[in-house]
file model.pdb (PDB, C-alpha atoms)
ATOM      1  CA  MET A  96       0.265  12.894  15.930
ATOM      2  CA  GLY A  97      -1.727  10.732  13.566
ATOM      3  CA  VAL A  98      -3.285   7.429  14.319
ATOM      4  CA  ILE A  99      -1.446   4.470  12.838
ATOM      5  CA  CYS A 100      -3.778   2.294  10.800
ATOM      6  CA  THR A 101      -3.015  -1.389  10.710
ATOM      7  CA  LEU A 102      -4.744  -3.528   8.165
ATOM      8  CA  LEU A 103      -4.402  -7.093   9.386
ATOM      9  CA  LEU A 104      -4.863  -9.540   6.589
ATOM     10  CA  THR A 105      -3.208 -12.790   5.661
ATOM     11  CA  ALA A 106       0.304 -12.000   4.482
ATOM     12  CA  CYS A 107       1.495 -13.289   1.140
ATOM     13  CA  THR A 108       5.111 -13.694   0.231
ATOM     14  CA  GLU A 109       7.081 -11.066  -1.645
ATOM     15  CA  ASN A 110       7.334 -13.296  -4.739
ATOM     16  CA  ASN A 111       3.606 -13.939  -5.215
ATOM     17  CA  LYS A 112       2.064 -12.213  -8.200
ATOM     18  CA  LEU A 113      -1.596 -11.580  -7.634
ATOM     19  CA  PRO A 114      -4.248  -9.932  -9.782
ATOM     20  CA  VAL A 115      -4.953  -6.398  -8.554
ATOM     21  CA  ASP A 116      -7.266  -3.696  -9.830
ATOM     22  CA  ILE A 117      -7.057  -0.584  -7.679
ATOM     23  CA  PRO A 118      -8.606   2.601  -9.066
ATOM     24  CA  GLU A 119      -6.938   5.993  -8.772
ATOM     25  CA  GLY A 120      -8.094   7.654  -5.577
ATOM     26  CA  PHE A 121      -7.249   8.919  -2.124
ATOM     27  CA  ALA A 122      -4.521   6.925  -0.376
ATOM     28  CA  THR A 123      -6.645   6.500   2.757
ATOM     29  CA  ASP A 124      -9.053   4.444   0.636
ATOM     30  CA  THR A 125      -6.804   2.864  -1.992
ATOM     31  CA  LEU A 126      -4.280   1.502   0.516
ATOM     32  CA  LYS A 127      -7.076  -0.304   2.371
ATOM     33  CA  GLU A 128      -8.411  -1.731  -0.886
ATOM     34  CA  PHE A 129      -4.921  -2.802  -1.940
ATOM     35  CA  ALA A 130      -4.392  -4.607   1.380
ATOM     36  CA  ARG A 131      -7.697  -6.415   0.908
ATOM     37  CA  GLN A 132      -6.974  -7.489  -2.675
ATOM     38  CA  ALA A 133      -3.313  -8.424  -2.142
ATOM     39  CA  GLU A 134      -3.923 -10.001   1.281
ATOM     40  CA  VAL A 135      -1.087  -8.087   2.925
ATOM     41  CA  GLU A 136      -0.674  -5.934   6.016
ATOM     42  CA  ILE A 137      -0.158  -2.217   5.355
ATOM     43  CA  LEU A 138       0.790   0.305   8.026
ATOM     44  CA  PHE A 139       0.294   4.012   7.458
ATOM     45  CA  ASP A 140      -0.340   7.226   9.346
ATOM     46  CA  ARG A 141      -3.732   8.566   8.223
ATOM     47  CA  GLN A 142      -2.571  12.169   8.628
ATOM     48  CA  GLY A 143       0.592  11.423   6.668
ATOM     49  CA  VAL A 144      -1.306  10.132   3.637
ATOM     50  CA  TYR A 145      -4.365  12.383   3.950
ATOM     51  CA  GLY A 146      -5.239  14.164   0.710
ATOM     52  CA  VAL A 147      -2.710  12.230  -1.398
ATOM     53  CA  ARG A 148      -4.097  10.645  -4.552
ATOM     54  CA  THR A 149      -2.582   7.369  -5.722
ATOM     55  CA  ASN A 150      -2.339   5.920  -9.217
ATOM     56  CA  HIS A 151      -4.508   3.257 -10.814
ATOM     57  CA  VAL A 152      -2.828  -0.144 -10.868
ATOM     58  CA  GLU A 153      -4.185  -3.168 -12.701
ATOM     59  CA  GLY A 154      -2.589  -6.474 -13.599
ATOM     60  CA  ARG A 155      -0.613  -9.262 -11.958
ATOM     61  CA  TYR A 156       2.066  -7.953  -9.626
ATOM     62  CA  ASP A 157       3.880  -8.879  -6.482
ATOM     63  CA  PRO A 158       2.726  -6.559  -3.677
ATOM     64  CA  ALA A 159       5.877  -4.410  -3.618
ATOM     65  CA  SER A 160       5.745  -3.714  -7.362
ATOM     66  CA  ALA A 161       2.047  -2.870  -7.278
ATOM     67  CA  LEU A 162       2.571  -0.474  -4.374
ATOM     68  CA  ARG A 163       5.453   1.229  -6.187
ATOM     69  CA  ILE A 164       3.194   1.807  -9.201
ATOM     70  CA  MET A 165       0.403   3.122  -6.973
ATOM     71  CA  LEU A 166       2.745   5.556  -5.242
ATOM     72  CA  GLU A 167       4.805   6.675  -8.266
ATOM     73  CA  ASN A 168       4.947  10.492  -8.583
ATOM     74  CA  THR A 169       3.270  10.973  -5.200
ATOM     75  CA  PRO A 170       4.834  12.248  -1.964
ATOM     76  CA  LEU A 171       4.532   8.717  -0.547
ATOM     77  CA  ALA A 172       6.991   5.827  -0.375
ATOM     78  CA  VAL A 173       6.847   2.242   0.879
ATOM     79  CA  ASN A 174       9.171  -0.027   2.851
ATOM     80  CA  TYR A 175       8.766  -3.783   3.273
ATOM     81  CA  GLU A 176       9.438  -5.028   6.791
ATOM     82  CA  ARG A 177      10.792  -8.566   6.380
ATOM     83  CA  GLU A 178      10.530  -9.375  10.093
ATOM     84  CA  THR A 179       6.788  -8.695  10.212
ATOM     85  CA  GLY A 180       5.853  -9.150   6.556
ATOM     86  CA  ALA A 181       4.127  -5.758   6.619
ATOM     87  CA  TYR A 182       4.437  -2.819   4.250
ATOM     88  CA  ALA A 183       4.893   0.634   5.755
ATOM     89  CA  VAL A 184       3.692   3.584   3.657
ATOM     90  CA  PHE A 185       5.009   6.992   4.666
ATOM     91  CA  ARG A 186       5.400  10.526   3.373
ATOM     92  CA  LYS A 187       8.813  11.209   1.781
ATOM     93  CA  GLU A 188      10.879  13.940   3.381
TER      94      GLU A 188
END
call {"tool": "encode", "arguments": {"input": "model.pdb", "output": "structure tokens"}}
result
Amino acid sequence: MGVICTLLLTACTENNKLPVDIPEGFATDTLKEFARQAEVEILFDRQGVYGVRTNHVEGRYDPASALRIMLENTPLAVNYERETGAYAVFRKE
């Protein structure tokens, strides 16, 4: 079982569009950088995302849209948890 990584940062609302510039790279790194830039909490299982490369995303986006672009055409997906304000990234089945 993998360790769940929690990146605790100040949450922003779903409607905020923020400037992001995340290079293409391994999800274990790019998800952390995204959380830092977008000031959101992202939960993911390190083993579940290990070895997956995410897409470059640059521009002004709300967090959900930016994450969808990052994860497009990868085996990963994202869910927004309204109760906690966190994003959960997981491997699609």
call {"tool": "atom_distance", "arguments": {"input": "model.pdb", "atom1": "atom CA of A:Arg148", "atom2": "atom CA of A:Glu176"}}
result
23.6 Å
call {"tool": "resolve_selection", "arguments": {"input": "model.pdb", "expression": "the PyMOL selection byres ((chain A and resi 116-120) around 8)", "output": "VMD selection string"}}
result
chain A and resid 114 to 115 121 to 122 124 to 125 128 to 129 148 to 154
call {"tool": "closest_residue", "arguments": {"input": "model.pdb", "among": "A:Ala133, A:Glu178, A:Asp140, A:Tyr145", "to": "A:Leu162", "atoms": "all atoms listed in the file"}}
result
A:Ala133
call {"tool": "atom_distance", "arguments": {"input": "model.pdb", "atom1": "atom CA of A:Val147", "atom2": "atom CA of A:Leu113"}}
result
24.6 Å
call {"tool": "residues_around", "arguments": {"input": "model.pdb", "residues": "A:Val184", "least_positions_apart": "5", "cutoff": "9 Å", "atoms": "only C-alpha atoms", "output": "list in words"}}
result
Leu126, Ile137, Leu138, Phe139, Asp140, Gly143, Val144, Leu171, Ala172, Val173, Asn174 and Tyr175 of chain A
call {"tool": "atom_distance", "arguments": {"input": "model.pdb", "atom1": "atom CA of A:Lys112", "atom2": "atom CA of A:Glu134"}}
result
11.4 Å
call {"tool": "closest_residue", "arguments": {"input": "model.pdb", "among": "A:Glu167, A:Tyr182, A:Arg155, A:Gly146", "to": "A:Ala130", "atoms": "all atoms listed in the file"}}
result
A:Tyr182
call {"tool": "closest_residue", "arguments": {"input": "model.pdb", "among": "A:Asn168, A:Arg186, A:Arg163, A:Pro158", "to": "A:Arg131", "atoms": "all atoms listed in the file"}}
result
A:Pro158
